[in-house]
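To be precise, the following lines are start_36.cif, and they hold mmCIF, C-alpha atoms and all ligand atoms.
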data_upload
loop_
_atom_site.label_atom_id
_atom_site.label_comp_id
_atom_site.auth_asym_id
_atom_site.auth_seq_id
_atom_site.Cartn_x
_atom_site.Cartn_y
_atom_site.Cartn_z
CA MET A 1 116.99 164.93 82.17
CA GLU A 2 115.06 168.08 81.24
CA PRO A 3 114.37 169.16 84.90
CA LEU A 4 118.04 168.54 85.78
CA ILE A 5 119.28 170.81 82.97
CA ARG A 6 116.91 173.57 84.11
CA LEU A 7 117.91 173.22 87.77
CA ALA A 8 121.65 173.22 87.01
CA VAL A 9 121.42 176.38 84.88
CA ALA A 10 119.15 178.11 87.44
CA VAL A 11 121.53 177.38 90.34
CA GLY A 12 124.52 178.48 88.24
CA ILE A 13 122.96 181.82 87.27
CA PHE A 14 121.76 182.43 90.85
CA ALA A 15 125.27 181.78 92.23
CA LEU A 16 126.77 184.13 89.65
CA MET A 17 124.30 186.96 90.40
CA ALA A 18 124.53 186.51 94.18
CA GLY A 19 128.32 186.66 93.82
CA LEU A 20 128.19 189.83 91.71
CA GLU A 21 125.81 191.41 94.24
CA THR A 22 128.54 191.26 96.86
CA VAL A 23 131.23 192.62 94.51
CA ILE A 24 129.30 195.34 92.60
CA PRO A 25 126.09 196.07 94.59
CA LYS A 26 123.76 198.76 93.21
CA ARG A 27 121.98 199.76 96.41
CA GLY A 28 124.80 199.20 98.89
CA ASP A 29 125.18 196.11 100.99
CA ASN A 30 122.34 196.90 103.38
CA ILE A 31 119.57 194.75 101.87
CA ASP A 32 118.67 192.77 104.98
CA ARG A 33 119.75 189.36 103.70
CA LYS A 34 119.42 187.90 107.21
CA HIS A 35 115.63 188.27 107.25
CA ARG A 36 114.76 188.22 103.54
CA TRP A 37 116.82 185.30 102.27
CA PRO A 38 115.32 182.55 104.54
CA VAL A 39 111.80 183.63 103.50
CA ASN A 40 112.56 183.99 99.77
CA LEU A 41 114.66 180.84 99.51
CA GLY A 42 112.15 178.96 101.69
CA LEU A 43 109.41 179.84 99.21
CA ALA A 44 111.67 178.75 96.34
CA ALA A 45 112.28 175.35 97.98
CA CYS A 46 108.58 174.97 98.76
CA ASN A 47 107.61 175.80 95.15
CA MET A 48 110.25 173.53 93.68
CA LEU A 49 109.06 170.54 95.74
CA MET A 50 105.40 171.33 95.08
CA LEU A 51 105.96 171.51 91.30
CA ARG A 52 108.27 168.46 91.29
CA PHE A 53 105.51 166.32 92.82
CA SER A 54 102.63 167.83 90.85
CA ILE A 55 102.64 169.39 87.38
CA GLY A 56 106.26 170.62 87.14
CA GLY A 57 107.09 168.73 83.93
CA MET A 58 103.74 169.52 82.33
CA ALA A 59 104.94 172.24 79.92
CA TYR A 60 107.48 170.02 78.15
CA LEU A 61 105.16 166.99 78.11
CA ALA A 62 102.28 169.06 76.71
CA ALA A 63 104.52 170.38 73.91
CA ASN A 64 105.63 166.81 73.10
CA HIS A 65 102.06 165.47 72.98
CA ALA A 66 100.80 168.46 70.98
CA GLN A 67 103.55 167.77 68.41
CA GLU A 68 102.75 164.06 68.32
CA TRP A 69 99.03 164.69 67.80
CA GLY A 70 99.49 167.65 65.42
CA VAL A 71 97.64 170.02 67.78
CA GLY A 72 98.23 173.79 67.87
CA LEU A 73 99.02 176.58 65.43
CA LEU A 74 102.64 175.73 64.60
CA ASN A 75 101.99 171.98 64.36
CA GLY A 76 99.13 172.66 61.93
CA LEU A 77 101.31 174.76 59.64
CA SER A 78 104.36 173.31 57.96
CA VAL A 79 106.88 175.79 59.35
CA THR A 80 110.63 175.17 59.50
CA ALA A 81 112.21 174.21 62.84
CA PRO A 82 114.11 177.53 63.31
CA LEU A 83 110.92 179.52 62.68
CA SER A 84 108.98 177.30 65.08
CA ILE A 85 111.64 177.92 67.78
CA ILE A 86 111.59 181.70 67.25
CA VAL A 87 107.76 181.90 67.30
CA THR A 88 107.67 179.72 70.44
CA LEU A 89 110.19 181.92 72.28
CA PHE A 90 108.50 185.22 71.37
CA GLY A 91 104.94 183.85 71.66
CA LEU A 92 105.47 182.47 75.17
CA ASP A 93 107.27 185.63 76.29
CA LEU A 94 104.33 187.74 75.11
CA ALA A 95 101.92 185.40 76.96
CA ILE A 96 103.93 185.83 80.18
CA TYR A 97 103.87 189.63 79.73
CA TRP A 98 100.04 189.59 79.62
CA GLN A 99 99.89 187.20 82.57
CA HIS A 100 101.97 189.67 84.58
CA VAL A 101 99.71 192.60 83.57
CA ALA A 102 96.63 190.56 84.57
CA SER A 103 98.27 189.74 87.93
CA HIS A 104 98.29 193.46 88.72
CA ARG A 105 94.83 194.28 87.33
CA TRP A 106 92.68 191.36 88.60
CA HIS A 107 91.98 191.42 92.31
CA TRP A 108 92.34 187.69 93.02
CA LEU A 109 95.50 187.35 90.98
CA TRP A 110 96.93 190.43 92.71
CA ARG A 111 96.38 188.81 96.12
CA LEU A 112 98.74 186.04 95.00
CA HIS A 113 101.20 188.32 93.19
CA GLN A 114 101.39 190.57 96.29
CA VAL A 115 103.70 187.96 97.83
CA HIS A 116 106.30 188.86 95.19
CA HIS A 117 105.87 192.62 95.64
CA SER A 118 105.82 192.57 99.44
CA ASP A 119 109.61 192.10 99.46
CA THR A 120 111.01 195.29 100.99
CA GLY A 121 114.33 194.82 99.23
CA ILE A 122 115.18 193.50 95.80
CA ASP A 123 117.91 191.07 94.81
CA ALA A 124 118.32 187.73 93.02
CA THR A 125 116.24 185.95 95.69
CA THR A 126 113.21 188.16 94.90
CA ALA A 127 113.04 186.35 91.55
CA VAL A 128 111.91 183.16 93.32
CA ARG A 129 109.59 184.79 95.88
CA PHE A 130 106.18 183.62 94.65
CA HIS A 131 103.11 182.10 96.27
CA PRO A 132 102.81 178.35 95.42
CA LEU A 133 99.31 178.92 94.03
CA GLU A 134 100.63 181.57 91.65
CA MET A 135 103.27 179.08 90.47
CA LEU A 136 100.58 176.45 89.86
CA LEU A 137 98.29 178.84 87.98
CA SER A 138 101.24 180.08 85.97
CA MET A 139 102.17 176.53 84.93
CA LEU A 140 98.58 175.76 83.87
CA TYR A 141 98.36 179.00 81.87
CA LYS A 142 101.74 178.37 80.22
CA THR A 143 100.69 174.82 79.30
CA LEU A 144 97.48 176.10 77.70
CA CYS A 145 99.51 178.63 75.66
CA ILE A 146 101.98 175.89 74.64
CA VAL A 147 99.18 173.65 73.35
CA LEU A 148 97.39 176.48 71.51
CA LEU A 149 100.66 177.59 69.94
CA GLY A 150 101.81 174.04 69.14
CA ALA A 151 105.14 175.05 70.67
CA ASP A 152 108.37 173.24 69.86
CA PRO A 153 109.24 171.02 72.92
CA TRP A 154 112.94 171.94 73.11
CA ALA A 155 112.11 175.60 72.54
CA VAL A 156 109.84 175.30 75.61
CA VAL A 157 112.80 174.04 77.67
CA LEU A 158 114.97 176.85 76.26
CA PHE A 159 112.24 179.37 77.08
CA GLU A 160 112.03 178.17 80.71
CA ILE A 161 115.83 178.45 81.05
CA LEU A 162 115.91 181.94 79.48
CA LEU A 163 112.94 183.20 81.53
CA ASN A 164 114.43 181.94 84.78
CA GLY A 165 117.86 183.36 83.94
CA ALA A 166 116.39 186.70 82.86
CA ALA A 167 114.30 186.97 86.06
CA THR A 168 117.32 186.21 88.28
CA PHE A 169 119.36 188.80 86.37
CA ASN A 170 116.76 191.60 86.33
CA HIS A 171 115.95 191.27 90.05
CA SER A 172 119.62 191.26 91.02
CA ASN A 173 121.14 194.08 93.02
CA ILE A 174 124.07 194.67 90.68
CA HIS A 175 125.55 197.87 89.33
CA ILE A 176 125.98 197.98 85.56
CA PRO A 177 127.99 200.99 84.32
CA GLU A 178 125.64 203.56 82.74
CA PRO A 179 126.97 203.50 79.13
CA LEU A 180 126.66 199.69 79.03
CA GLU A 181 123.25 199.70 80.77
CA ARG A 182 121.89 202.24 78.28
CA ARG A 183 122.73 199.95 75.36
CA LEU A 184 121.76 196.72 77.13
CA ARG A 185 118.23 197.93 77.91
CA TRP A 186 117.38 197.99 74.20
CA LEU A 187 117.85 194.22 74.10
CA VAL A 188 117.05 192.86 77.55
CA VAL A 189 115.23 193.90 80.71
CA THR A 190 118.02 195.22 82.94
CA PRO A 191 117.95 195.32 86.78
CA ASP A 192 117.53 199.14 86.60
CA LEU A 193 114.41 198.71 84.43
CA HIS A 194 112.77 195.97 86.46
CA ARG A 195 113.56 197.67 89.79
CA ILE A 196 111.16 200.45 88.73
CA HIS A 197 108.38 197.82 88.64
CA HIS A 198 109.14 197.08 92.33
CA SER A 199 108.79 200.75 93.36
CA VAL A 200 106.16 201.55 96.00
CA LEU A 201 104.69 204.24 93.70
CA PRO A 202 101.60 202.82 91.89
CA ALA A 203 102.44 204.54 88.57
CA GLU A 204 105.90 202.96 88.61
CA MET A 205 104.66 199.55 89.72
CA ASP A 206 102.26 199.74 86.78
CA SER A 207 105.17 199.70 84.31
CA ASN A 208 107.98 197.48 83.01
CA TYR A 209 106.05 194.19 83.18
CA GLY A 210 108.42 192.36 80.83
CA PHE A 211 110.82 189.78 82.25
CA SER A 212 113.13 189.07 79.33
CA ILE A 213 112.90 191.68 76.58
CA PRO A 214 111.63 195.29 76.86
CA LEU A 215 109.83 195.02 73.48
CA TRP A 216 106.34 194.35 74.90
CA ASP A 217 106.52 197.26 77.35
CA ARG A 218 107.61 199.59 74.54
CA LEU A 219 104.90 198.23 72.24
CA PHE A 220 102.02 198.41 74.74
CA LYS A 221 103.13 201.72 76.33
CA THR A 222 103.99 200.33 79.76
CA TYR A 223 107.69 201.20 79.42
CA LYS A 224 109.24 203.53 82.00
CA ALA A 225 112.89 204.46 81.59
CA HIS A 226 113.55 206.16 84.96
CA PRO A 227 112.02 206.26 88.45
CA GLN A 228 111.11 209.55 90.20
CA GLN A 229 113.60 208.90 92.98
CA PRO A 230 117.19 207.70 92.59
CA GLN A 231 117.58 203.98 91.89
CA THR A 232 119.87 203.64 94.89
CA THR A 233 117.40 205.00 97.46
CA MET A 234 113.88 204.56 96.00
CA PRO A 235 111.61 202.62 98.40
CA ILE A 236 110.85 199.05 97.27
CA GLY A 237 107.73 197.01 98.04
CA LEU A 238 104.12 197.89 98.82
CA VAL A 239 103.08 201.42 99.76
CA THR A 240 100.40 200.10 102.16
CA TRP A 241 102.66 197.70 104.06
CA ARG A 242 106.24 198.52 104.96
CA ASN A 243 107.06 195.63 107.35
CA ALA A 244 108.75 192.37 106.50
CA LEU A 245 106.35 189.41 106.42
CA GLY A 246 107.11 185.92 107.73
CA PHE A 247 106.86 182.72 105.68
CA VAL A 248 103.48 181.58 107.08
CA ARG A 249 101.93 185.05 106.82
CA LEU A 250 102.96 185.22 103.15
CA LEU A 251 101.27 181.90 102.41
CA GLN A 252 98.09 183.27 104.05
CA LEU A 253 97.98 186.45 101.93
CA PRO A 254 95.38 185.20 99.39
CA VAL A 255 92.85 184.52 102.17
CA ARG A 256 94.11 187.08 104.72
CA PRO A 257 95.03 190.11 102.57
CA LEU A 258 97.00 193.03 103.93
CA PRO A 259 95.00 196.00 105.25
ZN ZN B 301 104.55 192.51 89.28
#

Now that the file is in, can you turn its structure into structure tokens?
Amino acid sequence: MEPLIRLAVAVGIFALMAGLETVIPKRGDNIDRKHRWPVNLGLAACNMLMLRFSIGGMAYLAANHAQEWGVGLLNGLSVTAPLSIIVTLFGLDLAIYWQHVASHRWHWLWRLHQVHHSDTGIDATTAVRFHPLEMLLSMLYKTLCIVLLGADPWAVVLFEILLNGAATFNHSNIHIPEPLERRLRWLVVTPDLHRIHHSVLPAEMDSNYGFSIPLWDRLFKTYKAHPQQPQTTMPIGLVTWRNALGFVRLLQLPVRPLP
């Protein structure tokens, strides 16, 4: 039941964002869907199958067992259910922020994360462009955090849904009117904020690591409000490699890095 709920919400949000991208695109319509979409959606399908037949349900199960056995910080303290849900949501989001920072700072993690940043355009499909090994490592790390935290099982499901929805939204190529965007970015990571993280400029790529809320970037001084170049024309991707990469070549990146 739990994987079905997550899949249904993910597909719904993706369809909504992809639809909005055609009606109110930020960077025009020229985002090379023909070449990028088969690669990005191919990776998504590959990752979904890989997780489905390996450790995909691990996060929820780990939270359930931790609760049953009284393991983890929240299970050891007698906190109320609402507080446990709030701490789980914020605690896991902070953990994912640090995972993202580490993915840029540690060489071997960067080799995996490069798959995500090698996209020369950015839209809702970029949100699912990840190397399968990065997905596996991410699931193991998240599970460890869930057990240590003693996270509430249904808050874990809610977190996965929110994280996935937020990532699809903040990678999307949609135009949000400036007055609304200015207010929205105090609460959530907007597409204009996250697009800066996909800039080819190293100083810009080294900013806006948050996926859901901009709080962690503001707190740890990695927040950048505006890119040097206009949002509509700034180059996206890696500064060292400007060509589109095929599906197989992307899977080889950890062992055959780009020059
Ligand atoms: Zn990144």

Which residues are close to Leu112 (chain A), i.e. within 12 Å by only C-alpha atoms, leaving aside same-chain residues fewer than 5 positions away? Reply as a PDB file with C-alpha atoms, keeping the file's coordinate frame.
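Now in around_39.pdb:
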ATOM      1  CA  HIS A 100     101.970 189.670  84.580  1.00  0.00           C
ATOM      2  CA  ALA A 102      96.630 190.560  84.570  1.00  0.00           C
ATOM      3  CA  SER A 103      98.270 189.740  87.930  1.00  0.00           C
ATOM      4  CA  HIS A 104      98.290 193.460  88.720  1.00  0.00           C
ATOM      5  CA  ARG A 105      94.830 194.280  87.330  1.00  0.00           C
ATOM      6  CA  TRP A 106      92.680 191.360  88.600  1.00  0.00           C
ATOM      7  CA  HIS A 107      91.980 191.420  92.310  1.00  0.00           C
ATOM      8  CA  HIS A 117     105.870 192.620  95.640  1.00  0.00           C
ATOM      9  CA  SER A 118     105.820 192.570  99.440  1.00  0.00           C
ATOM     10  CA  ARG A 129     109.590 184.790  95.880  1.00  0.00           C
ATOM     11  CA  PHE A 130     106.180 183.620  94.650  1.00  0.00           C
ATOM     12  CA  HIS A 131     103.110 182.100  96.270  1.00  0.00           C
ATOM     13  CA  PRO A 132     102.810 178.350  95.420  1.00  0.00           C
ATOM     14  CA  LEU A 133      99.310 178.920  94.030  1.00  0.00           C
ATOM     15  CA  GLU A 134     100.630 181.570  91.650  1.00  0.00           C
ATOM     16  CA  MET A 135     103.270 179.080  90.470  1.00  0.00           C
ATOM     17  CA  LEU A 136     100.580 176.450  89.860  1.00  0.00           C
ATOM     18  CA  LEU A 137      98.290 178.840  87.980  1.00  0.00           C
ATOM     19  CA  SER A 138     101.240 180.080  85.970  1.00  0.00           C
ATOM     20  CA  LEU A 250     102.960 185.220 103.150  1.00  0.00           C
ATOM     21  CA  LEU A 251     101.270 181.900 102.410  1.00  0.00           C
ATOM     22  CA  GLN A 252      98.090 183.270 104.050  1.00  0.00           C
ATOM     23  CA  LEU A 253      97.980 186.450 101.930  1.00  0.00           C
ATOM     24  CA  PRO A 254      95.380 185.200  99.390  1.00  0.00           C
ATOM     25  CA  VAL A 255      92.850 184.520 102.170  1.00  0.00           C
ATOM     26  CA  ARG A 256      94.110 187.080 104.720  1.00  0.00           C
ATOM     27  CA  PRO A 257      95.030 190.110 102.570  1.00  0.00           C
ATOM     28  CA  LEU A 258      97.000 193.030 103.930  1.00  0.00           C
TER      29      LEU A 258
END

Residues within 9 Å of ligand ZN 301 (chain B), counting all atoms listed in the file: report them as a PDB file with C-alpha atoms, in the coordinates of the input.
ATOM      1  CA  HIS A 100     101.970 189.670  84.580  1.00  0.00           C
ATOM      2  CA  VAL A 101      99.710 192.600  83.570  1.00  0.00           C
ATOM      3  CA  SER A 103      98.270 189.740  87.930  1.00  0.00           C
ATOM      4  CA  HIS A 104      98.290 193.460  88.720  1.00  0.00           C
ATOM      5  CA  TRP A 110      96.930 190.430  92.710  1.00  0.00           C
ATOM      6  CA  HIS A 113     101.200 188.320  93.190  1.00  0.00           C
ATOM      7  CA  GLN A 114     101.390 190.570  96.290  1.00  0.00           C
ATOM      8  CA  HIS A 116     106.300 188.860  95.190  1.00  0.00           C
ATOM      9  CA  HIS A 117     105.870 192.620  95.640  1.00  0.00           C
ATOM     10  CA  HIS A 197     108.380 197.820  88.640  1.00  0.00           C
ATOM     11  CA  HIS A 198     109.140 197.080  92.330  1.00  0.00           C
ATOM     12  CA  MET A 205     104.660 199.550  89.720  1.00  0.00           C
ATOM     13  CA  ASP A 206     102.260 199.740  86.780  1.00  0.00           C
ATOM     14  CA  SER A 207     105.170 199.700  84.310  1.00  0.00           C
ATOM     15  CA  ASN A 208     107.980 197.480  83.010  1.00  0.00           C
ATOM     16  CA  TYR A 209     106.050 194.190  83.180  1.00  0.00           C
TER      17      TYR A 209
END

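Coordinates place CA of Asp123 (chain A) at a distance of 8.9 Å from CA of Phe169 (chain A).
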
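Of the residues under consideration (A:Gly91, A:Gly42, A:Pro191, A:Gly121), A:Gly121 shows the shortest atom-to-atom contact distance to Asn243 (chain A) when counting all atoms listed in the file.
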
request  = Take CA of Thr240 (chain A) and CA of Trp37 (chain A) and report the distance between them in Å, one decimal.
outcome  =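 Spanning CA of Thr240 (chain A) to CA of Trp37 (chain A) is a straight-line distance of 22.1 Å.
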
task = Would you please work out which residue, of A:Pro214, A:Gly76, A:Pro3, A:Gly19, is nearest to Ala59 (chain A) when using only C-alpha atoms?
result =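 Among A:Pro214, A:Gly76, A:Pro3, A:Gly19, it is A:Pro3 that comes nearest to Ala59 (chain A).
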
ask   = Using only C-alpha atoms, which residue out of A:Thr88, A:Thr232, A:Asn75, A:Asn170 lies closest to Lys26 (chain A)?
value =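 Ranked by minimum distance to Lys26 (chain A), first place goes to A:Thr232.
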
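CA of Asp93 (chain A) sits 16.6 Å away from CA of Lys221 (chain A).
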
Selection near Ala62 (chain A), 8 Å with all atoms listed in the file, sequence-local residues under 4 positions removed, as a VMD selection string = chain A and resid 58 66 143 146 to 147

Considering only C-alpha atoms, return as a tab-separated table (two decimals) with C-alpha atoms, in the coordinates of the input whatever protein or nucleic-acid residues lie within 12 Å of Phe90 (chain A), sequence-local ones (same chain, fewer than 2 positions apart) excluded.
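Result saved to part-v1.tsv:
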chain	number	residue	atom	x	y	z
A	83	LEU	CA	110.92	179.52	62.68
A	84	SER	CA	108.98	177.30	65.08
A	85	ILE	CA	111.64	177.92	67.78
A	86	ILE	CA	111.59	181.70	67.25
A	87	VAL	CA	107.76	181.90	67.30
A	88	THR	CA	107.67	179.72	70.44
A	92	LEU	CA	105.47	182.47	75.17
A	93	ASP	CA	107.27	185.63	76.29
A	94	LEU	CA	104.33	187.74	75.11
A	95	ALA	CA	101.92	185.40	76.96
A	96	ILE	CA	103.93	185.83	80.18
A	97	TYR	CA	103.87	189.63	79.73
A	145	CYS	CA	99.51	178.63	75.66
A	146	ILE	CA	101.98	175.89	74.64
A	149	LEU	CA	100.66	177.59	69.94
A	151	ALA	CA	105.14	175.05	70.67
A	155	ALA	CA	112.11	175.60	72.54
A	156	VAL	CA	109.84	175.30	75.61
A	158	LEU	CA	114.97	176.85	76.26
A	159	PHE	CA	112.24	179.37	77.08
A	162	LEU	CA	115.91	181.94	79.48
A	163	LEU	CA	112.94	183.20	81.53
A	210	GLY	CA	108.42	192.36	80.83
A	212	SER	CA	113.13	189.07	79.33
A	213	ILE	CA	112.90	191.68	76.58
A	214	PRO	CA	111.63	195.29	76.86
A	215	LEU	CA	109.83	195.02	73.48
A	216	TRP	CA	106.34	194.35	74.90

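Restricting the calculation to only C-alpha atoms, the smallest distance between Gln99 (chain A) and any of A:Arg185, A:Pro82, A:Phe211, A:Pro38 is found for A:Phe211.
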
request  = Name the residues, using the chain letters and numbers of the file, that sit within 12 Å of (110.0, 169.5, 89.9) when counting only C-alpha atoms, and give them as a PyMOL selection string.
outcome  = chain A and resi 1-7+44-59+135-136+139

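Using all atoms listed in the file, the smallest distance between any of A:Val39, A:Ile161, A:Ala81, A:Val248 and Ala8 (chain A) comes from A:Ile161.
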
inquiry  = I want to know what sits within 6 Å of Ile24 (chain A), based on all atoms listed in the file, with residues of the same chain fewer than 2 positions away left out; could you give that as a VMD selection string?
reply    = chain A and resid 20 to 22 174 to 175

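Each of A:Ala166, A:Ala10, A:Leu238, A:Leu89 was checked against His194 (chain A) using only C-alpha atoms; the smallest atom-to-atom distance is that of A:Ala166.
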